[in-house]
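As C-alpha cells, the structure follows; a few thoughts come after it.
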Amino acid sequence: MKNKTLDYINNSLDDLTGKTVVVTGANSGLGFEMCNVLLMKNAHVVMACRSLKRATEAKEQLLLEHKNGLVDIILYDQ
C-alpha cells in the first residue's frame, strides 16, 4: 500500500480489537484488501467465500503479513 493510504488507515480509522467482521468475496480484489485493512486494525476477520481452496490460499497470504491476525473461513455461495 502507498504511504498516504497507510497514514490514513493508521491515523483515521478506529482500532477494531474485539470486533468480528464478515467479508464476502474475501479471497480476491476489494474483499481481500478489506480483510487486509481490517487485520491492520486488529479485527477478527471471517472470510465468506465460495471456494475453500482459494479462501485458504488468501488466508495464508494475509497471515504472512499479519502474524497474530485472527482469520476464519466460512463457505458461502449466495
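Residue numbering restarts at 1 in every chain; chains get A, B, ... in the order shown in the C-alpha cells, and ligands count up from 1 in that same order.
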DSSP helix (DSSP H, G or I) residues within stretch 23-72 of chain A, listed as a PyMOL selection string:
chain A and resi 29-40+52-65
Resulting file, chosen residues, N, CA, C and O atoms, as a JSON list (two decimals), in the first residue's frame:
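Once written, part.json looks like this:
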[["chain", "number", "residue", "atom", "x", "y", "z"],
["A", 29, "GLY", "N", -9.48, -9.31, -4.87],
["A", 29, "GLY", "CA", -9.98, -7.97, -5.15],
["A", 29, "GLY", "C", -10.23, -7.12, -3.92],
["A", 29, "GLY", "O", -9.47, -7.14, -2.95],
["A", 30, "LEU", "N", -11.34, -6.38, -3.96],
["A", 30, "LEU", "CA", -11.68, -5.46, -2.87],
["A", 30, "LEU", "C", -11.92, -6.19, -1.55],
["A", 30, "LEU", "O", -11.57, -5.69, -0.48],
["A", 31, "GLY", "N", -12.53, -7.37, -1.63],
["A", 31, "GLY", "CA", -12.78, -8.14, -0.42],
["A", 31, "GLY", "C", -11.48, -8.50, 0.28],
["A", 31, "GLY", "O", -11.36, -8.38, 1.51],
["A", 32, "PHE", "N", -10.49, -8.94, -0.49],
["A", 32, "PHE", "CA", -9.18, -9.29, 0.07],
["A", 32, "PHE", "C", -8.52, -8.06, 0.68],
["A", 32, "PHE", "O", -7.99, -8.12, 1.79],
["A", 33, "GLU", "N", -8.57, -6.94, -0.01],
["A", 33, "GLU", "CA", -7.95, -5.72, 0.51],
["A", 33, "GLU", "C", -8.66, -5.23, 1.77],
["A", 33, "GLU", "O", -8.02, -4.71, 2.68],
["A", 34, "MET", "N", -9.98, -5.41, 1.82],
["A", 34, "MET", "CA", -10.72, -5.05, 3.03],
["A", 34, "MET", "C", -10.26, -5.90, 4.21],
["A", 34, "MET", "O", -10.07, -5.39, 5.31],
["A", 35, "CYS", "N", -10.05, -7.19, 3.96],
["A", 35, "CYS", "CA", -9.53, -8.07, 5.02],
["A", 35, "CYS", "C", -8.18, -7.57, 5.51],
["A", 35, "CYS", "O", -7.91, -7.55, 6.72],
["A", 36, "ASN", "N", -7.34, -7.16, 4.59],
["A", 36, "ASN", "CA", -6.02, -6.65, 4.94],
["A", 36, "ASN", "C", -6.13, -5.44, 5.86],
["A", 36, "ASN", "O", -5.46, -5.37, 6.89],
["A", 37, "VAL", "N", -6.98, -4.48, 5.51],
["A", 37, "VAL", "CA", -7.17, -3.28, 6.33],
["A", 37, "VAL", "C", -7.75, -3.64, 7.69],
["A", 37, "VAL", "O", -7.30, -3.14, 8.73],
["A", 38, "LEU", "N", -8.75, -4.51, 7.70],
["A", 38, "LEU", "CA", -9.36, -4.91, 8.97],
["A", 38, "LEU", "C", -8.35, -5.58, 9.89],
["A", 38, "LEU", "O", -8.36, -5.35, 11.11],
["A", 39, "LEU", "N", -7.48, -6.40, 9.33],
["A", 39, "LEU", "CA", -6.44, -7.04, 10.15],
["A", 39, "LEU", "C", -5.44, -6.01, 10.67],
["A", 39, "LEU", "O", -4.94, -6.15, 11.78],
["A", 40, "MET", "N", -5.15, -4.98, 9.88],
["A", 40, "MET", "CA", -4.27, -3.90, 10.35],
["A", 40, "MET", "C", -4.86, -3.23, 11.59],
["A", 40, "MET", "O", -4.13, -2.76, 12.46],
["A", 52, "LEU", "N", -13.20, -23.06, -1.00],
["A", 52, "LEU", "CA", -12.36, -23.30, 0.17],
["A", 52, "LEU", "C", -10.88, -23.22, -0.20],
["A", 52, "LEU", "O", -10.08, -22.66, 0.55],
["A", 53, "LYS", "N", -10.52, -23.73, -1.35],
["A", 53, "LYS", "CA", -9.11, -23.71, -1.79],
["A", 53, "LYS", "C", -8.61, -22.27, -1.93],
["A", 53, "LYS", "O", -7.56, -21.92, -1.38],
["A", 54, "ARG", "N", -9.36, -21.44, -2.65],
["A", 54, "ARG", "CA", -8.94, -20.05, -2.85],
["A", 54, "ARG", "C", -8.97, -19.27, -1.54],
["A", 54, "ARG", "O", -8.12, -18.42, -1.29],
["A", 55, "ALA", "N", -9.94, -19.54, -0.69],
["A", 55, "ALA", "CA", -10.03, -18.86, 0.61],
["A", 55, "ALA", "C", -8.84, -19.23, 1.49],
["A", 55, "ALA", "O", -8.26, -18.36, 2.15],
["A", 56, "THR", "N", -8.47, -20.49, 1.48],
["A", 56, "THR", "CA", -7.32, -20.94, 2.28],
["A", 56, "THR", "C", -6.04, -20.29, 1.80],
["A", 56, "THR", "O", -5.21, -19.85, 2.61],
["A", 57, "GLU", "N", -5.87, -20.20, 0.50],
["A", 57, "GLU", "CA", -4.68, -19.54, -0.06],
["A", 57, "GLU", "C", -4.65, -18.06, 0.34],
["A", 57, "GLU", "O", -3.60, -17.53, 0.71],
["A", 58, "ALA", "N", -5.78, -17.39, 0.26],
["A", 58, "ALA", "CA", -5.86, -15.97, 0.63],
["A", 58, "ALA", "C", -5.59, -15.79, 2.12],
["A", 58, "ALA", "O", -4.88, -14.87, 2.52],
["A", 59, "LYS", "N", -6.14, -16.68, 2.94],
["A", 59, "LYS", "CA", -5.92, -16.61, 4.39],
["A", 59, "LYS", "C", -4.43, -16.75, 4.70],
["A", 59, "LYS", "O", -3.88, -15.98, 5.50],
["A", 60, "GLU", "N", -3.78, -17.70, 4.06],
["A", 60, "GLU", "CA", -2.34, -17.90, 4.29],
["A", 60, "GLU", "C", -1.55, -16.66, 3.90],
["A", 60, "GLU", "O", -0.62, -16.25, 4.61],
["A", 61, "GLN", "N", -1.93, -16.03, 2.79],
["A", 61, "GLN", "CA", -1.26, -14.82, 2.35],
["A", 61, "GLN", "C", -1.46, -13.68, 3.35],
["A", 61, "GLN", "O", -0.53, -12.95, 3.68],
["A", 62, "LEU", "N", -2.67, -13.53, 3.86],
["A", 62, "LEU", "CA", -2.94, -12.49, 4.85],
["A", 62, "LEU", "C", -2.15, -12.72, 6.14],
["A", 62, "LEU", "O", -1.61, -11.79, 6.72],
["A", 63, "LEU", "N", -2.06, -13.97, 6.56],
["A", 63, "LEU", "CA", -1.37, -14.27, 7.81],
["A", 63, "LEU", "C", 0.14, -14.15, 7.70],
["A", 63, "LEU", "O", 0.83, -14.03, 8.71],
["A", 64, "LEU", "N", 0.67, -14.16, 6.48],
["A", 64, "LEU", "CA", 2.10, -13.89, 6.30],
["A", 64, "LEU", "C", 2.42, -12.46, 6.74],
["A", 64, "LEU", "O", 3.47, -12.20, 7.33],
["A", 65, "GLU", "N", 1.51, -11.55, 6.46],
["A", 65, "GLU", "CA", 1.71, -10.14, 6.81],
["A", 65, "GLU", "C", 1.20, -9.82, 8.21],
["A", 65, "GLU", "O", 1.72, -8.93, 8.88]]
Find the residues around A:Val22 up to 9 Å (only C-alpha atoms counted), leave out those fewer than 6 positions away in its own chain, and share them as a VMD selection string.
chain A and resid 44 to 48
Based on the selection just made, write all heavy atoms of those residues as a short mmCIF file (atom, residue, chain, number, x, y, z; two decimals), in the first residue's frame.
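Heads up, here's the output in again.cif:
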data_model
loop_
_atom_site.label_atom_id
_atom_site.label_comp_id
_atom_site.auth_asym_id
_atom_site.auth_seq_id
_atom_site.Cartn_x
_atom_site.Cartn_y
_atom_site.Cartn_z
N HIS A 44 -11.22 -9.33 14.11
CA HIS A 44 -11.35 -10.76 13.80
C HIS A 44 -12.07 -10.81 12.47
O HIS A 44 -13.21 -10.34 12.36
CB HIS A 44 -12.16 -11.44 14.90
CG HIS A 44 -12.56 -12.84 14.56
ND1 HIS A 44 -13.59 -13.47 15.22
CD2 HIS A 44 -12.10 -13.74 13.66
CE1 HIS A 44 -13.75 -14.69 14.73
NE2 HIS A 44 -12.86 -14.86 13.77
N VAL A 45 -11.43 -11.36 11.45
CA VAL A 45 -11.98 -11.38 10.09
C VAL A 45 -12.54 -12.77 9.78
O VAL A 45 -11.86 -13.78 9.97
CB VAL A 45 -10.89 -11.00 9.06
CG1 VAL A 45 -11.40 -11.17 7.64
CG2 VAL A 45 -10.42 -9.56 9.29
N VAL A 46 -13.77 -12.78 9.30
CA VAL A 46 -14.38 -14.02 8.81
C VAL A 46 -14.53 -13.86 7.30
O VAL A 46 -15.26 -13.00 6.83
CB VAL A 46 -15.76 -14.27 9.48
CG1 VAL A 46 -16.38 -15.55 8.92
CG2 VAL A 46 -15.62 -14.35 10.99
N MET A 47 -13.79 -14.68 6.58
CA MET A 47 -13.80 -14.64 5.12
C MET A 47 -14.93 -15.53 4.61
O MET A 47 -14.90 -16.74 4.80
CB MET A 47 -12.46 -15.13 4.57
CG MET A 47 -11.27 -14.33 5.04
SD MET A 47 -9.70 -15.07 4.55
CE MET A 47 -9.77 -14.83 2.77
N ALA A 48 -15.92 -14.92 3.96
CA ALA A 48 -17.04 -15.67 3.39
C ALA A 48 -16.76 -15.86 1.90
O ALA A 48 -16.80 -14.89 1.14
CB ALA A 48 -18.35 -14.92 3.60
#
Give the strand (DSSP E) residues of chain A, as DSSP finds them on the backbone, and put them as a PyMOL selection string.
chain A and resi 20-24+44-49+70-75
Residues from last step as file, all heavy atoms, as a tab-separated table (two decimals), in the first residue's frame:
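Ended up saving to result.tsv:
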chain	number	residue	atom	x	y	z
A	20	THR	N	-15.77	-8.48	15.31
A	20	THR	CA	-15.74	-9.51	14.27
A	20	THR	C	-16.42	-8.95	13.04
A	20	THR	O	-17.52	-8.40	13.13
A	20	THR	CB	-16.46	-10.79	14.73
A	20	THR	OG1	-15.81	-11.28	15.91
A	20	THR	CG2	-16.45	-11.85	13.65
A	21	VAL	N	-15.77	-9.10	11.88
A	21	VAL	CA	-16.30	-8.57	10.64
A	21	VAL	C	-16.34	-9.70	9.61
A	21	VAL	O	-15.34	-10.40	9.39
A	21	VAL	CB	-15.43	-7.41	10.10
A	21	VAL	CG1	-16.01	-6.85	8.82
A	21	VAL	CG2	-15.26	-6.33	11.16
A	22	VAL	N	-17.50	-9.89	8.97
A	22	VAL	CA	-17.64	-10.87	7.91
A	22	VAL	C	-17.47	-10.14	6.58
A	22	VAL	O	-18.12	-9.13	6.33
A	22	VAL	CB	-19.03	-11.56	7.96
A	22	VAL	CG1	-19.18	-12.54	6.80
A	22	VAL	CG2	-19.23	-12.26	9.29
A	23	VAL	N	-16.56	-10.66	5.75
A	23	VAL	CA	-16.28	-10.05	4.44
A	23	VAL	C	-16.62	-11.07	3.36
A	23	VAL	O	-16.05	-12.17	3.33
A	23	VAL	CB	-14.80	-9.63	4.33
A	23	VAL	CG1	-14.53	-9.00	2.97
A	23	VAL	CG2	-14.41	-8.68	5.46
A	24	THR	N	-17.55	-10.70	2.47
A	24	THR	CA	-17.88	-11.58	1.35
A	24	THR	C	-16.90	-11.32	0.21
A	24	THR	O	-16.37	-10.21	0.08
A	24	THR	CB	-19.32	-11.37	0.86
A	24	THR	OG1	-19.47	-10.02	0.45
A	24	THR	CG2	-20.33	-11.69	1.95
A	44	HIS	N	-11.22	-9.33	14.11
A	44	HIS	CA	-11.35	-10.76	13.80
A	44	HIS	C	-12.07	-10.81	12.47
A	44	HIS	O	-13.21	-10.34	12.36
A	44	HIS	CB	-12.16	-11.44	14.90
A	44	HIS	CG	-12.56	-12.84	14.56
A	44	HIS	ND1	-13.59	-13.47	15.22
A	44	HIS	CD2	-12.10	-13.74	13.66
A	44	HIS	CE1	-13.75	-14.69	14.73
A	44	HIS	NE2	-12.86	-14.86	13.77
A	45	VAL	N	-11.43	-11.36	11.45
A	45	VAL	CA	-11.98	-11.38	10.09
A	45	VAL	C	-12.54	-12.77	9.78
A	45	VAL	O	-11.86	-13.78	9.97
A	45	VAL	CB	-10.89	-11.00	9.06
A	45	VAL	CG1	-11.40	-11.17	7.64
A	45	VAL	CG2	-10.42	-9.56	9.29
A	46	VAL	N	-13.77	-12.78	9.30
A	46	VAL	CA	-14.38	-14.02	8.81
A	46	VAL	C	-14.53	-13.86	7.30
A	46	VAL	O	-15.26	-13.00	6.83
A	46	VAL	CB	-15.76	-14.27	9.48
A	46	VAL	CG1	-16.38	-15.55	8.92
A	46	VAL	CG2	-15.62	-14.35	10.99
A	47	MET	N	-13.79	-14.68	6.58
A	47	MET	CA	-13.80	-14.64	5.12
A	47	MET	C	-14.93	-15.53	4.61
A	47	MET	O	-14.90	-16.74	4.80
A	47	MET	CB	-12.46	-15.13	4.57
A	47	MET	CG	-11.27	-14.33	5.04
A	47	MET	SD	-9.70	-15.07	4.55
A	47	MET	CE	-9.77	-14.83	2.77
A	48	ALA	N	-15.92	-14.92	3.96
A	48	ALA	CA	-17.04	-15.67	3.39
A	48	ALA	C	-16.76	-15.86	1.90
A	48	ALA	O	-16.80	-14.89	1.14
A	48	ALA	CB	-18.35	-14.92	3.60
A	49	CYS	N	-16.46	-17.09	1.51
A	49	CYS	CA	-16.01	-17.37	0.14
A	49	CYS	C	-16.68	-18.62	-0.40
A	49	CYS	O	-17.09	-19.49	0.35
A	49	CYS	CB	-14.50	-17.57	0.11
A	49	CYS	SG	-13.54	-16.19	0.77
A	70	LEU	N	-6.43	-12.82	13.42
A	70	LEU	CA	-7.44	-13.84	13.68
A	70	LEU	C	-8.34	-13.90	12.45
A	70	LEU	O	-9.10	-12.97	12.18
A	70	LEU	CB	-8.23	-13.51	14.93
A	70	LEU	CG	-9.30	-14.50	15.37
A	70	LEU	CD1	-8.71	-15.91	15.54
A	70	LEU	CD2	-9.92	-14.04	16.67
A	71	VAL	N	-8.23	-15.00	11.68
A	71	VAL	CA	-8.95	-15.14	10.42
A	71	VAL	C	-9.63	-16.50	10.38
A	71	VAL	O	-8.99	-17.53	10.63
A	71	VAL	CB	-8.00	-15.02	9.21
A	71	VAL	CG1	-8.78	-15.14	7.91
A	71	VAL	CG2	-7.21	-13.73	9.25
A	72	ASP	N	-10.91	-16.49	10.08
A	72	ASP	CA	-11.67	-17.73	9.89
A	72	ASP	C	-12.28	-17.71	8.49
A	72	ASP	O	-12.41	-16.65	7.88
A	72	ASP	CB	-12.77	-17.87	10.94
A	72	ASP	CG	-12.22	-18.14	12.32
A	72	ASP	OD1	-11.40	-19.06	12.45
A	72	ASP	OD2	-12.62	-17.43	13.26
A	73	ILE	N	-12.67	-18.89	8.04
A	73	ILE	CA	-13.29	-19.03	6.72
A	73	ILE	C	-14.65	-19.69	6.89
A	73	ILE	O	-14.78	-20.66	7.65
A	73	ILE	CB	-12.42	-19.90	5.79
A	73	ILE	CG1	-11.07	-19.26	5.53
A	73	ILE	CG2	-13.15	-20.21	4.48
A	73	ILE	CD1	-10.08	-20.17	4.83
A	74	ILE	N	-15.64	-19.16	6.18
A	74	ILE	CA	-16.91	-19.86	6.07
A	74	ILE	C	-17.22	-19.99	4.57
A	74	ILE	O	-16.96	-19.07	3.79
A	74	ILE	CB	-18.08	-19.18	6.81
A	74	ILE	CG1	-18.30	-17.75	6.32
A	74	ILE	CG2	-17.88	-19.21	8.30
A	74	ILE	CD1	-19.55	-17.11	6.87
A	75	LEU	N	-17.71	-21.14	4.17
A	75	LEU	CA	-18.13	-21.31	2.78
A	75	LEU	C	-19.49	-20.67	2.62
A	75	LEU	O	-20.41	-20.91	3.39
A	75	LEU	CB	-18.18	-22.79	2.42
A	75	LEU	CG	-16.81	-23.48	2.35
A	75	LEU	CD1	-16.98	-24.94	1.98
A	75	LEU	CD2	-15.90	-22.78	1.37
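When atom CA of A:Asn68 is paired with atom CA of A:Asn10, their separation reads 17.4 Å.
Between atom CA of A:Lys19 and atom CA of A:Lys2 the interatomic distance comes to 25.7 Å.
Counting from atom CA of A:Leu6, the distance to atom CA of A:Ser28 is 19.7 Å.
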